[in-house]
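> Sharing entry.cif here; it has mmCIF, C-alpha atoms (C1' of nucleotides).
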data_run
loop_
_atom_site.label_atom_id
_atom_site.label_comp_id
_atom_site.auth_asym_id
_atom_site.auth_seq_id
_atom_site.Cartn_x
_atom_site.Cartn_y
_atom_site.Cartn_z
CA MET A 167 7.52 -17.08 30.78
CA SER A 168 9.22 -16.97 27.43
CA GLU A 169 12.13 -18.42 29.42
CA VAL A 170 10.01 -21.47 29.90
CA GLN A 171 9.28 -21.60 26.21
CA LEU A 172 12.97 -21.39 25.44
CA LYS A 173 13.78 -24.13 27.89
CA ASP A 174 11.04 -26.36 26.50
CA ALA A 175 12.22 -25.72 22.97
CA LEU A 176 15.80 -26.59 23.86
CA ASP A 177 14.59 -29.77 25.55
CA THR A 178 12.60 -30.69 22.46
CA LEU A 179 15.67 -30.23 20.33
CA LYS A 180 17.89 -32.24 22.66
CA SER A 181 15.40 -35.06 22.76
CA THR A 182 15.57 -35.40 18.99
CA GLY A 183 19.35 -35.54 19.07
CA VAL A 184 20.04 -32.00 17.93
CA ARG A 185 23.06 -30.36 19.48
CA ILE A 186 22.62 -27.10 21.27
CA THR A 187 25.24 -24.77 19.92
CA PRO A 188 25.59 -21.15 21.01
CA GLN A 189 24.30 -20.02 17.61
CA ARG A 190 21.22 -22.21 17.87
CA HIS A 191 20.54 -20.99 21.32
CA ALA A 192 20.80 -17.37 20.22
CA ILE A 193 18.63 -17.78 17.13
CA LEU A 194 15.93 -19.58 19.03
CA GLU A 195 16.05 -17.04 21.84
CA TYR A 196 15.77 -14.21 19.38
CA ILE A 197 12.72 -15.67 17.67
CA ILE A 198 10.97 -16.38 20.94
CA HIS A 199 11.58 -12.92 22.35
CA SER A 200 10.87 -11.13 19.13
CA THR A 201 7.34 -10.02 18.49
CA SER A 202 8.02 -8.95 14.94
CA HIS A 203 8.13 -12.24 12.99
CA PRO A 204 11.64 -11.62 11.72
CA THR A 205 13.16 -12.57 8.37
CA ALA A 206 16.29 -14.66 8.19
CA ASP A 207 18.27 -11.56 7.40
CA GLU A 208 16.90 -9.69 10.39
CA ILE A 209 17.92 -12.51 12.66
CA TYR A 210 21.34 -12.56 11.07
CA ARG A 211 21.87 -8.85 11.54
CA ALA A 212 20.54 -8.86 15.08
CA LEU A 213 23.07 -11.48 16.12
CA GLU A 214 25.98 -10.02 14.22
CA LYS A 215 27.42 -8.25 17.23
CA ALA A 216 27.27 -11.29 19.45
CA PHE A 217 28.48 -13.66 16.71
CA PRO A 218 30.70 -11.70 14.34
CA ASN A 219 31.71 -14.84 12.48
CA MET A 220 28.29 -16.37 12.07
CA SER A 221 27.28 -17.15 8.51
CA VAL A 222 23.88 -16.48 6.96
CA ALA A 223 23.87 -20.13 6.04
CA THR A 224 23.85 -20.98 9.73
CA VAL A 225 20.70 -18.98 10.21
CA TYR A 226 18.98 -20.71 7.31
CA ASN A 227 20.24 -24.12 8.33
CA ASN A 228 18.96 -23.75 11.83
CA LEU A 229 15.65 -22.30 10.84
CA ARG A 230 15.19 -25.44 8.81
CA VAL A 231 16.17 -27.56 11.79
CA PHE A 232 13.67 -25.71 13.98
CA LYS A 233 10.97 -26.08 11.37
CA LYS A 234 11.55 -29.79 11.13
CA ALA A 235 11.31 -30.03 14.91
CA GLY A 236 8.01 -28.17 14.76
CA LEU A 237 9.28 -25.27 16.84
CA VAL A 238 9.10 -22.63 14.16
CA LYS A 239 6.75 -21.84 11.31
CA GLU A 240 7.71 -20.22 8.03
CA LEU A 241 5.40 -17.50 6.81
CA THR A 242 5.44 -16.65 3.12
CA TYR A 243 3.61 -13.60 2.00
CA GLY A 244 3.75 -11.46 -1.06
CA ASP A 245 7.05 -9.85 -0.18
CA SER A 246 10.27 -11.41 -1.26
CA SER A 247 11.50 -13.01 1.94
CA SER A 248 10.04 -15.49 4.38
CA ARG A 249 9.29 -14.60 7.95
CA PHE A 250 9.62 -16.95 10.88
CA ASP A 251 7.33 -17.40 13.80
CA PHE A 252 7.79 -19.35 16.98
CA VAL A 253 5.00 -21.90 17.29
CA THR A 254 2.95 -21.49 20.42
CA HIS A 255 -0.73 -22.25 20.64
CA ASP A 256 -2.89 -21.76 17.59
CA HIS A 257 -3.19 -18.23 16.45
CA TYR A 258 -3.75 -16.40 13.21
CA HIS A 259 -2.09 -13.34 11.72
CA MET A 260 -3.41 -9.90 10.97
CA ILE A 261 -1.18 -8.20 8.44
CA CYS A 262 -0.94 -4.51 7.58
CA ASN A 263 -0.85 -3.91 3.85
CA ASP A 264 0.86 -0.56 4.36
CA CYS A 265 3.72 -1.22 6.74
CA GLY A 266 3.84 -5.00 6.85
CA LYS A 267 3.29 -5.23 10.58
CA ILE A 268 2.03 -8.63 11.73
CA VAL A 269 -0.13 -8.94 14.82
CA ASP A 270 -1.23 -12.23 16.32
CA PHE A 271 -4.80 -12.88 17.27
CA HIS A 272 -6.57 -15.89 18.62
CA TYR A 273 -9.65 -17.57 17.30
CA PRO A 274 -11.12 -20.99 17.90
CA GLY A 275 -9.96 -23.50 15.29
CA LEU A 276 -11.88 -23.59 12.05
CA ASP A 277 -12.53 -27.30 12.24
CA GLU A 278 -15.76 -27.04 10.35
CA VAL A 279 -14.06 -25.55 7.33
CA GLU A 280 -11.51 -28.33 7.38
CA HIS A 281 -14.23 -30.95 7.47
CA LEU A 282 -16.12 -29.45 4.59
CA ALA A 283 -12.98 -29.06 2.55
CA SER A 284 -12.03 -32.65 3.18
CA HIS A 285 -15.49 -33.82 2.19
CA VAL A 286 -15.66 -31.77 -0.99
CA THR A 287 -12.16 -32.36 -2.28
CA GLY A 288 -11.41 -35.84 -0.99
CA PHE A 289 -8.18 -34.60 0.56
CA GLN A 290 -6.92 -35.83 3.87
CA VAL A 291 -6.58 -32.59 5.81
CA ASP A 292 -3.49 -31.80 7.86
CA TYR A 293 -3.80 -28.15 8.84
CA HIS A 294 -4.83 -24.78 7.57
CA ARG A 295 -3.57 -21.28 7.40
CA LEU A 296 -5.52 -18.05 7.67
CA GLU A 297 -4.38 -14.48 7.38
CA ILE A 298 -6.36 -11.31 7.50
CA TYR A 299 -5.15 -8.26 5.63
CA GLY A 300 -5.93 -4.65 6.31
CA THR A 301 -4.50 -1.43 7.67
CA CYS A 302 -3.16 -0.96 11.19
CA ARG A 303 -4.02 1.93 13.46
CA ASP A 304 -0.74 3.72 12.85
CA CYS A 305 -1.13 3.60 9.10
CA ILE A 306 -4.75 4.73 9.24
CA GLY A 307 -3.52 7.69 11.27
CA ASP A 308 -0.70 8.42 8.84
CA SER A 309 -2.95 8.50 5.80
CA ALA A 310 -5.35 10.81 7.64
CA LYS A 311 -2.50 13.20 8.38
CA ALA A 312 -1.22 13.05 4.81
CA GLN A 313 -4.45 14.47 3.46
CA MET B 130 -18.87 -19.11 -19.67
CA SER B 131 -15.19 -18.48 -19.16
CA GLU B 132 -15.56 -16.58 -22.45
CA VAL B 133 -17.71 -14.14 -20.57
CA GLN B 134 -15.09 -13.81 -17.88
CA LEU B 135 -12.47 -13.11 -20.48
CA LYS B 136 -14.59 -10.51 -22.16
CA ASP B 137 -15.37 -8.83 -18.85
CA ALA B 138 -11.72 -8.84 -17.90
CA LEU B 139 -10.73 -7.27 -21.21
CA ASP B 140 -13.41 -4.61 -20.75
CA THR B 141 -12.12 -3.87 -17.29
CA LEU B 142 -8.64 -3.42 -18.64
CA LYS B 143 -9.76 -1.22 -21.51
CA SER B 144 -11.76 0.97 -19.17
CA THR B 145 -8.65 1.70 -17.14
CA GLY B 146 -6.72 2.69 -20.25
CA VAL B 147 -4.69 -0.48 -20.61
CA ARG B 148 -4.02 -1.54 -24.19
CA ILE B 149 -5.06 -5.03 -25.20
CA THR B 150 -2.04 -6.52 -26.88
CA PRO B 151 -1.97 -10.04 -28.27
CA GLN B 152 0.33 -11.09 -25.46
CA ARG B 153 -1.97 -9.67 -22.82
CA HIS B 154 -4.93 -11.37 -24.39
CA ALA B 155 -3.13 -14.69 -24.46
CA ILE B 156 -1.85 -14.50 -20.90
CA LEU B 157 -5.24 -13.56 -19.53
CA GLU B 158 -6.94 -16.25 -21.54
CA TYR B 159 -4.49 -18.82 -20.31
CA ILE B 160 -5.01 -17.92 -16.66
CA ILE B 161 -8.78 -17.97 -16.99
CA HIS B 162 -8.90 -21.30 -18.75
CA SER B 163 -6.26 -22.90 -16.60
CA THR B 164 -7.41 -24.76 -13.54
CA SER B 165 -3.91 -25.26 -12.23
CA HIS B 166 -2.94 -21.89 -10.76
CA PRO B 167 0.10 -21.54 -12.97
CA THR B 168 3.44 -19.97 -12.17
CA ALA B 169 4.84 -17.19 -14.34
CA ASP B 170 7.17 -19.68 -15.92
CA GLU B 171 4.38 -22.11 -16.74
CA ILE B 172 2.48 -19.35 -18.48
CA TYR B 173 5.60 -18.38 -20.35
CA ARG B 174 6.27 -21.90 -21.55
CA ALA B 175 2.66 -22.53 -22.45
CA LEU B 176 2.62 -19.52 -24.75
CA GLU B 177 6.05 -20.10 -26.23
CA LYS B 178 4.72 -21.78 -29.34
CA ALA B 179 2.19 -19.06 -30.08
CA PHE B 180 4.59 -16.23 -29.23
CA PRO B 181 8.11 -17.44 -29.91
CA ASN B 182 9.54 -13.99 -29.28
CA MET B 183 7.75 -13.26 -26.08
CA SER B 184 9.96 -12.39 -23.13
CA VAL B 185 9.56 -13.65 -19.58
CA ALA B 186 9.56 -10.02 -18.58
CA THR B 187 6.35 -9.54 -20.52
CA VAL B 188 4.68 -12.22 -18.49
CA TYR B 189 5.77 -10.66 -15.23
CA ASN B 190 4.92 -7.15 -16.37
CA ASN B 191 1.44 -8.12 -17.36
CA LEU B 192 0.76 -10.20 -14.31
CA ARG B 193 1.54 -7.05 -12.35
CA VAL B 194 -0.82 -5.06 -14.57
CA PHE B 195 -3.57 -7.64 -14.03
CA LYS B 196 -2.96 -7.64 -10.31
CA LYS B 197 -3.22 -3.89 -10.13
CA ALA B 198 -6.49 -4.08 -12.05
CA GLY B 199 -7.77 -6.60 -9.53
CA LEU B 200 -8.17 -9.34 -12.12
CA VAL B 201 -5.56 -11.68 -10.80
CA LYS B 202 -4.33 -12.72 -7.37
CA GLU B 203 -0.81 -13.74 -6.53
CA LEU B 204 -0.49 -16.78 -4.31
CA THR B 205 2.73 -17.24 -2.38
CA TYR B 206 3.35 -20.50 -0.68
CA GLY B 207 6.41 -22.10 0.75
CA ASP B 208 7.81 -23.06 -2.64
CA SER B 209 10.06 -20.73 -4.52
CA SER B 210 7.75 -19.27 -7.12
CA SER B 211 4.43 -17.45 -6.99
CA ARG B 212 1.28 -18.81 -8.52
CA PHE B 213 -1.42 -16.76 -10.14
CA ASP B 214 -5.13 -17.14 -9.85
CA PHE B 215 -7.88 -15.44 -11.76
CA VAL B 216 -10.16 -13.65 -9.33
CA THR B 217 -13.71 -14.92 -9.51
CA HIS B 218 -16.10 -15.24 -6.62
CA ASP B 219 -14.77 -16.04 -3.21
CA HIS B 220 -13.19 -19.40 -2.89
CA TYR B 221 -10.46 -20.97 -0.84
CA HIS B 222 -7.67 -23.32 -1.72
CA MET B 223 -6.97 -26.87 -0.70
CA ILE B 224 -3.31 -27.68 -1.27
CA CYS B 225 -1.62 -31.05 -1.45
CA ASN B 226 1.62 -31.15 0.52
CA ASP B 227 2.90 -34.04 -1.58
CA CYS B 228 2.35 -33.01 -5.18
CA GLY B 229 1.44 -29.33 -4.83
CA LYS B 230 -1.94 -29.71 -6.50
CA ILE B 231 -4.34 -26.87 -5.70
CA VAL B 232 -8.09 -27.44 -5.67
CA ASP B 233 -10.65 -24.69 -5.21
CA PHE B 234 -13.51 -25.08 -2.83
CA HIS B 235 -16.25 -22.75 -1.79
CA TYR B 236 -17.24 -21.75 1.68
CA PRO B 237 -19.32 -18.89 3.00
CA GLY B 238 -17.17 -15.90 3.87
CA LEU B 239 -15.62 -15.87 7.28
CA ASP B 240 -16.99 -12.48 8.18
CA GLU B 241 -17.11 -13.27 11.85
CA VAL B 242 -13.40 -13.90 11.99
CA GLU B 243 -12.75 -10.62 10.24
CA HIS B 244 -14.90 -8.77 12.71
CA LEU B 245 -13.22 -10.27 15.70
CA ALA B 246 -9.78 -9.63 14.27
CA SER B 247 -10.66 -6.04 13.59
CA HIS B 248 -11.98 -5.61 17.09
CA VAL B 249 -9.00 -7.20 18.80
CA THR B 250 -6.23 -5.63 16.77
CA GLY B 251 -7.73 -2.28 15.84
CA PHE B 252 -6.94 -2.92 12.18
CA GLN B 253 -9.24 -1.87 9.42
CA VAL B 254 -9.86 -5.17 7.64
CA ASP B 255 -9.66 -5.47 3.87
CA TYR B 256 -9.77 -9.16 3.11
CA HIS B 257 -8.47 -12.49 4.30
CA ARG B 258 -6.86 -15.52 2.93
CA LEU B 259 -7.34 -19.13 3.94
CA GLU B 260 -5.64 -22.26 2.76
CA ILE B 261 -6.05 -25.81 3.86
CA TYR B 262 -3.18 -28.24 3.57
CA GLY B 263 -3.29 -31.98 3.33
CA THR B 264 -2.86 -34.90 0.98
CA CYS B 265 -4.88 -35.46 -2.17
CA ARG B 266 -6.51 -38.74 -3.17
CA ASP B 267 -3.82 -39.57 -5.72
CA CYS B 268 -1.02 -39.10 -3.23
CA ILE B 269 -2.81 -41.06 -0.53
CA GLY B 270 -3.10 -43.86 -3.06
CA ASP B 271 0.56 -43.61 -4.03
CA SER B 272 1.82 -43.86 -0.47
CA ALA B 273 -0.45 -46.84 0.17
CA LYS B 274 1.02 -48.60 -2.85
CA ALA B 275 4.56 -47.75 -1.79
CA GLN B 276 4.25 -49.68 1.44
"C1'" DT C 120 1.85 11.11 -41.66
"C1'" DC C 121 3.98 12.56 -37.44
"C1'" DT C 122 4.23 12.35 -32.72
"C1'" DT C 123 3.84 10.64 -28.32
"C1'" DA C 124 3.12 7.39 -24.97
"C1'" DC C 125 2.88 2.82 -23.90
"C1'" DA C 126 4.47 -2.33 -24.68
"C1'" DT C 127 7.64 -5.59 -25.62
"C1'" DT C 128 12.10 -7.54 -25.92
"C1'" DG C 129 16.63 -9.12 -24.47
"C1'" DT C 130 19.74 -8.98 -21.15
"C1'" DA C 131 21.97 -7.78 -17.02
"C1'" DA C 132 21.43 -7.20 -12.22
"C1'" DT C 133 19.46 -8.20 -7.75
"C1'" DC C 134 18.13 -10.70 -3.95
"C1'" DG C 135 16.77 -14.61 -1.13
"C1'" DT C 136 18.04 -19.10 -0.49
"C1'" DT C 137 20.67 -23.43 -1.03
"C1'" DA C 138 24.73 -26.41 -2.08
"C1'" DT C 139 29.41 -27.49 -1.37
"C1'" DA C 140 33.78 -28.23 0.67
"C1'" DA C 141 36.79 -27.23 4.32
"C1'" DT C 142 37.26 -26.32 9.07
"C1'" DT C 143 35.71 -26.40 13.78
"C1'" DA C 144 33.64 -28.08 17.81
"C1'" DG C 145 30.55 -31.46 20.67
"C1'" DT C 146 29.85 -35.90 22.51
"C1'" DG C 147 30.66 -40.72 23.86
"C1'" DT C 148 34.12 -43.98 24.98
"C1'" DA C 149 38.50 -45.75 26.59
"C1'" DT D 221 41.96 -36.49 29.74
"C1'" DA D 222 42.63 -37.94 25.08
"C1'" DC D 223 40.67 -39.86 20.85
"C1'" DA D 224 37.63 -40.61 17.33
"C1'" DC D 225 33.45 -39.81 15.18
"C1'" DT D 226 29.84 -37.10 13.79
"C1'" DA D 227 27.42 -32.99 13.44
"C1'" DA D 228 27.66 -27.90 12.96
"C1'" DT D 229 29.61 -23.84 11.23
"C1'" DT D 230 31.84 -21.06 7.99
"C1'" DA D 231 32.85 -18.92 3.55
"C1'" DT D 232 31.78 -18.80 -0.80
"C1'" DA D 233 29.89 -20.14 -5.08
"C1'" DA D 234 25.73 -21.30 -7.44
"C1'" DC D 235 20.94 -21.09 -8.37
"C1'" DG D 236 16.43 -19.52 -9.52
"C1'" DA D 237 12.77 -16.20 -9.38
"C1'" DT D 238 11.97 -11.64 -10.20
"C1'" DT D 239 13.04 -6.87 -11.54
"C1'" DA D 240 15.45 -3.00 -13.81
"C1'" DC D 241 17.05 -1.01 -17.84
"C1'" DA D 242 17.84 0.49 -22.43
"C1'" DA D 243 16.57 -0.18 -27.06
"C1'" DT D 244 13.16 -1.23 -30.27
"C1'" DG D 245 8.51 -1.75 -31.79
"C1'" DT D 246 3.64 -0.50 -32.10
"C1'" DA D 247 -0.99 1.68 -31.42
"C1'" DA D 248 -3.81 5.84 -31.50
"C1'" DG D 249 -4.71 10.76 -31.87
"C1'" DA D 250 -3.72 15.35 -34.00
#
Here is the file; what I need is its structure written in the form of structure tokens.


Amino acid sequence: MSEVQLKDALDTLKSTGVRITPQRHAILEYIIHSTSHPTADEIYRALEKAFPNMSVATVYNNLRVFKKAGLVKELTYGDSSSRFDFVTHDHYHMICNDCGKIVDFHYPGLDEVEHLASHVTGFQVDYHRLEIYGTCRDCIGDSAKAQ
Amino acid sequence: MSEVQLKDALDTLKSTGVRITPQRHAILEYIIHSTSHPTADEIYRALEKAFPNMSVATVYNNLRVFKKAGLVKELTYGDSSSRFDFVTHDHYHMICNDCGKIVDFHYPGLDEVEHLASHVTGFQVDYHRLEIYGTCRDCIGDSAKAQ
DNA sequence: TCTTACATTGTAATCGTTATAATTAGTGTA
DNA sequence: TACACTAATTATAACGATTACAATGTAAGA
């Protein structure tokens, strides 16, 4: 089923006149199959074996291309580097403050908040972003053991 | 009333054994009085006249101290540098995609979302973060004029 | 006053990301 | 298939935000 997503994504790119190069294919495939919201560097290192000559710049360039096409979202948190997430249906992120793990979860859109915000601030609302921070099961277990 | 906030913040610091230096006082005061969610560099430049010898490192060091004391929150968005926000009561941010302006707005806590997230992911929830993106009145006006 | 620990300063180093120029490779057309 | 044109990739240099480090300064307690 992620094969379908990949195919759709490639079609979307083609339809906007973007060439499908082997590198692009690989980067996109990696993001779709990954569940870990990788950084640019992680993508780069993961594809090193398959593309020994690929440049980091290629990864960044293509992530920007994918973002512009609406296929990929950039997530910026407190840590130094951005993470990238394949855009599927609306979901939010639950982030572990200990180990940095990011887990997706679904929740009906917060339209009401958007409306209120628009009303109060006079902004024209485009979208919103919500993250929940806490501690994952593994890390709760670890800290219990450590004591 | 922001005088009270400043005094409280200084008390909090003192109680945790942090010395109140003139630089610390000035940085904290600036953040509290500022409505613009400044970057480290903006704080640095704003205090340049009063503290010609102050180092950028001092700004960063103290922002970290304030963060650890829970007085200040670091906001990381897509752009390159972090912004800092004095922690008051719960509020969210409305961000203009054109000019980067950030406006606070209040909304009752999204406890329900936290509960669901905790239930679905098994995380122990600490807090959440919500931002709404759009276009502010000024920028809507500008683009209308430009056409 | 002396001592000790903490703060600040100035600067160098680091790291993620972007810009640039040269080379390579796709794609449409003859 | 060959050609030409444009886009993509590569390698590397540059940039900008942030941090690390060593030296100096300063506050507070014995």

> Can you check which residues of chain A have any atom within 9 Å of chain B? Use all atoms listed in the file and format it as a ChimeraX atom specification.

/A:240-245,248,259-263,269-273,279-280,282-284,286-303,306

> Taking all atoms listed in the file into account, find every residue of chain D that has an atom no more than 10 Å from chain A, and write it out as JSON, numbers by chain.

{"D": [227, 228, 229, 230, 231, 237, 238]}

> Over all C-alpha pairs taken in sequence order, what does chain B look like after a least-squares fit onto chain A? Please give it as a compact mmCIF listing (two decimals) with C-alpha atoms, keeping the file's coordinate frame.


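What follows is the written file superposed28.txt:
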# COMPACT_ATOMS: atom_id res chain seq x y z
CA MET B 130 7.29 -17.39 30.72
CA SER B 131 9.02 -17.24 27.38
CA GLU B 132 11.92 -18.71 29.37
CA VAL B 133 9.83 -21.80 29.76
CA GLN B 134 9.16 -21.89 26.06
CA LEU B 135 12.84 -21.63 25.36
CA LYS B 136 13.67 -24.39 27.76
CA ASP B 137 10.98 -26.63 26.30
CA ALA B 138 12.19 -25.93 22.80
CA LEU B 139 15.77 -26.77 23.74
CA ASP B 140 14.58 -30.00 25.35
CA THR B 141 12.67 -30.89 22.23
CA LEU B 142 15.75 -30.36 20.14
CA LYS B 143 17.98 -32.35 22.47
CA SER B 144 15.54 -35.23 22.50
CA THR B 145 15.76 -35.51 18.73
CA GLY B 146 19.55 -35.61 18.86
CA VAL B 147 20.18 -32.04 17.76
CA ARG B 148 23.18 -30.39 19.40
CA ILE B 149 22.59 -27.12 21.20
CA THR B 150 25.22 -24.77 19.88
CA PRO B 151 25.54 -21.17 21.01
CA GLN B 152 24.27 -20.02 17.64
CA ARG B 153 21.24 -22.26 17.83
CA HIS B 154 20.49 -21.08 21.32
CA ALA B 155 20.73 -17.46 20.26
CA ILE B 156 18.60 -17.84 17.15
CA LEU B 157 15.88 -19.69 19.00
CA GLU B 158 15.94 -17.21 21.83
CA TYR B 159 15.66 -14.34 19.41
CA ILE B 160 12.65 -15.82 17.63
CA ILE B 161 10.86 -16.58 20.88
CA HIS B 162 11.42 -13.15 22.36
CA SER B 163 10.73 -11.31 19.15
CA THR B 164 7.20 -10.18 18.52
CA SER B 165 7.92 -9.09 14.99
CA HIS B 166 8.07 -12.32 12.99
CA PRO B 167 11.58 -11.68 11.76
CA THR B 168 13.12 -12.55 8.42
CA ALA B 169 16.29 -14.62 8.24
CA ASP B 170 18.23 -11.48 7.53
CA GLU B 171 16.80 -9.65 10.53
CA ILE B 172 17.83 -12.51 12.77
CA TYR B 173 21.26 -12.49 11.22
CA ARG B 174 21.75 -8.78 11.75
CA ALA B 175 20.37 -8.86 15.26
CA LEU B 176 22.92 -11.47 16.29
CA GLU B 177 25.83 -9.93 14.43
CA LYS B 178 27.22 -8.19 17.48
CA ALA B 179 27.09 -11.29 19.66
CA PHE B 180 28.38 -13.59 16.92
CA PRO B 181 30.55 -11.54 14.59
CA ASN B 182 31.64 -14.63 12.70
CA MET B 183 28.27 -16.17 12.22
CA SER B 184 27.30 -16.91 8.64
CA VAL B 185 23.92 -16.26 7.05
CA ALA B 186 23.98 -19.90 6.08
CA THR B 187 23.92 -20.83 9.75
CA VAL B 188 20.74 -18.89 10.22
CA TYR B 189 19.07 -20.59 7.29
CA ASN B 190 20.37 -24.02 8.26
CA ASN B 191 19.05 -23.73 11.75
CA LEU B 192 15.73 -22.29 10.77
CA ARG B 193 15.33 -25.42 8.67
CA VAL B 194 16.31 -27.57 11.64
CA PHE B 195 13.77 -25.77 13.84
CA LYS B 196 11.10 -26.14 11.20
CA LYS B 197 11.72 -29.84 10.90
CA ALA B 198 11.45 -30.13 14.68
CA GLY B 199 8.12 -28.33 14.53
CA LEU B 200 9.33 -25.43 16.65
CA VAL B 201 9.12 -22.76 14.03
CA LYS B 202 6.78 -21.94 11.16
CA GLU B 203 7.76 -20.28 7.94
CA LEU B 204 5.42 -17.57 6.73
CA THR B 205 5.50 -16.66 3.06
CA TYR B 206 3.68 -13.61 1.93
CA GLY B 207 3.80 -11.57 -1.20
CA ASP B 208 7.07 -9.87 -0.27
CA SER B 209 10.36 -11.36 -1.26
CA SER B 210 11.55 -12.93 1.95
CA SER B 211 10.08 -15.46 4.36
CA ARG B 212 9.28 -14.65 7.94
CA PHE B 213 9.62 -17.01 10.84
CA ASP B 214 7.28 -17.52 13.72
CA PHE B 215 7.74 -19.52 16.87
CA VAL B 216 4.98 -22.09 17.12
CA THR B 217 2.90 -21.64 20.23
CA HIS B 218 -0.80 -22.26 20.54
CA ASP B 219 -3.02 -21.65 17.58
CA HIS B 220 -3.23 -18.10 16.48
CA TYR B 221 -3.78 -16.24 13.26
CA HIS B 222 -2.12 -13.23 11.76
CA MET B 223 -3.41 -9.78 10.99
CA ILE B 224 -1.17 -8.10 8.44
CA CYS B 225 -0.91 -4.44 7.54
CA ASN B 226 -0.77 -3.88 3.80
CA ASP B 227 0.92 -0.52 4.28
CA CYS B 228 3.77 -1.16 6.69
CA GLY B 229 3.88 -4.96 6.83
CA LYS B 230 3.30 -5.13 10.57
CA ILE B 231 2.04 -8.52 11.74
CA VAL B 232 -0.15 -8.82 14.83
CA ASP B 233 -1.25 -12.11 16.34
CA PHE B 234 -4.81 -12.70 17.32
CA HIS B 235 -6.58 -15.70 18.69
CA TYR B 236 -9.67 -17.36 17.38
CA PRO B 237 -11.17 -20.77 18.00
CA GLY B 238 -10.00 -23.28 15.43
CA LEU B 239 -11.90 -23.43 12.21
CA ASP B 240 -12.55 -27.13 12.43
CA GLU B 241 -15.76 -26.89 10.50
CA VAL B 242 -14.02 -25.46 7.48
CA GLU B 243 -11.47 -28.24 7.61
CA HIS B 244 -14.18 -30.85 7.72
CA LEU B 245 -16.04 -29.43 4.80
CA ALA B 246 -12.87 -29.07 2.77
CA SER B 247 -11.94 -32.65 3.49
CA HIS B 248 -15.38 -33.83 2.49
CA VAL B 249 -15.52 -31.86 -0.74
CA THR B 250 -12.01 -32.47 -1.98
CA GLY B 251 -11.27 -35.92 -0.59
CA PHE B 252 -8.05 -34.63 0.95
CA GLN B 253 -6.82 -35.79 4.29
CA VAL B 254 -6.51 -32.50 6.17
CA ASP B 255 -3.43 -31.66 8.22
CA TYR B 256 -3.76 -28.02 9.14
CA HIS B 257 -4.81 -24.67 7.77
CA ARG B 258 -3.56 -21.20 7.58
CA LEU B 259 -5.50 -17.96 7.78
CA GLU B 260 -4.38 -14.40 7.42
CA ILE B 261 -6.34 -11.22 7.50
CA TYR B 262 -5.13 -8.19 5.61
CA GLY B 263 -5.89 -4.57 6.24
CA THR B 264 -4.46 -1.34 7.56
CA CYS B 265 -3.15 -0.83 11.08
CA ARG B 266 -4.02 2.11 13.33
CA ASP B 267 -0.70 3.86 12.71
CA CYS B 268 -1.08 3.70 8.96
CA ILE B 269 -4.69 4.82 9.06
CA GLY B 270 -3.48 7.80 11.06
CA ASP B 271 -0.66 8.51 8.63
CA SER B 272 -2.91 8.56 5.58
CA ALA B 273 -5.36 10.84 7.37
CA LYS B 274 -2.55 13.27 8.11
CA ALA B 275 -1.29 13.11 4.54
CA GLN B 276 -4.52 14.46 3.14

> Translate the PyMOL selection byres ((chain C) within 12 of (chain B)), as applied to the file shown, into an explicit residue set as a ChimeraX atom specification.

/C:124-130,135-137

> When the PyMOL selection byres ((chain C and resi 121) around 12) is applied to the structure above, which residues does it catch, written out as number ranges by chain?

C: 120, 122-123; D: 248-250

> Under the PyMOL selection byres ((chain B and resi 142) around 12), which residues of this model are included? Write them out as a list in words.

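Residues picked by the PyMOL selection byres ((chain B and resi 142) around 12): Leu135, Lys136, Asp137, Ala138, Leu139, Asp140, Thr141, Lys143, Ser144, Thr145, Gly146, Val147, Arg148, Ile149, Thr150, Arg153, His154, Leu157, Asn191, Val194, Phe195, Lys196, Lys197, Ala198, Gly199, Leu200 and Val201 of chain B.
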
> CA of Ser247 in chain A and CA of Lys215 in chain A, how far apart in Å?

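It comes out at 22.6 Å.
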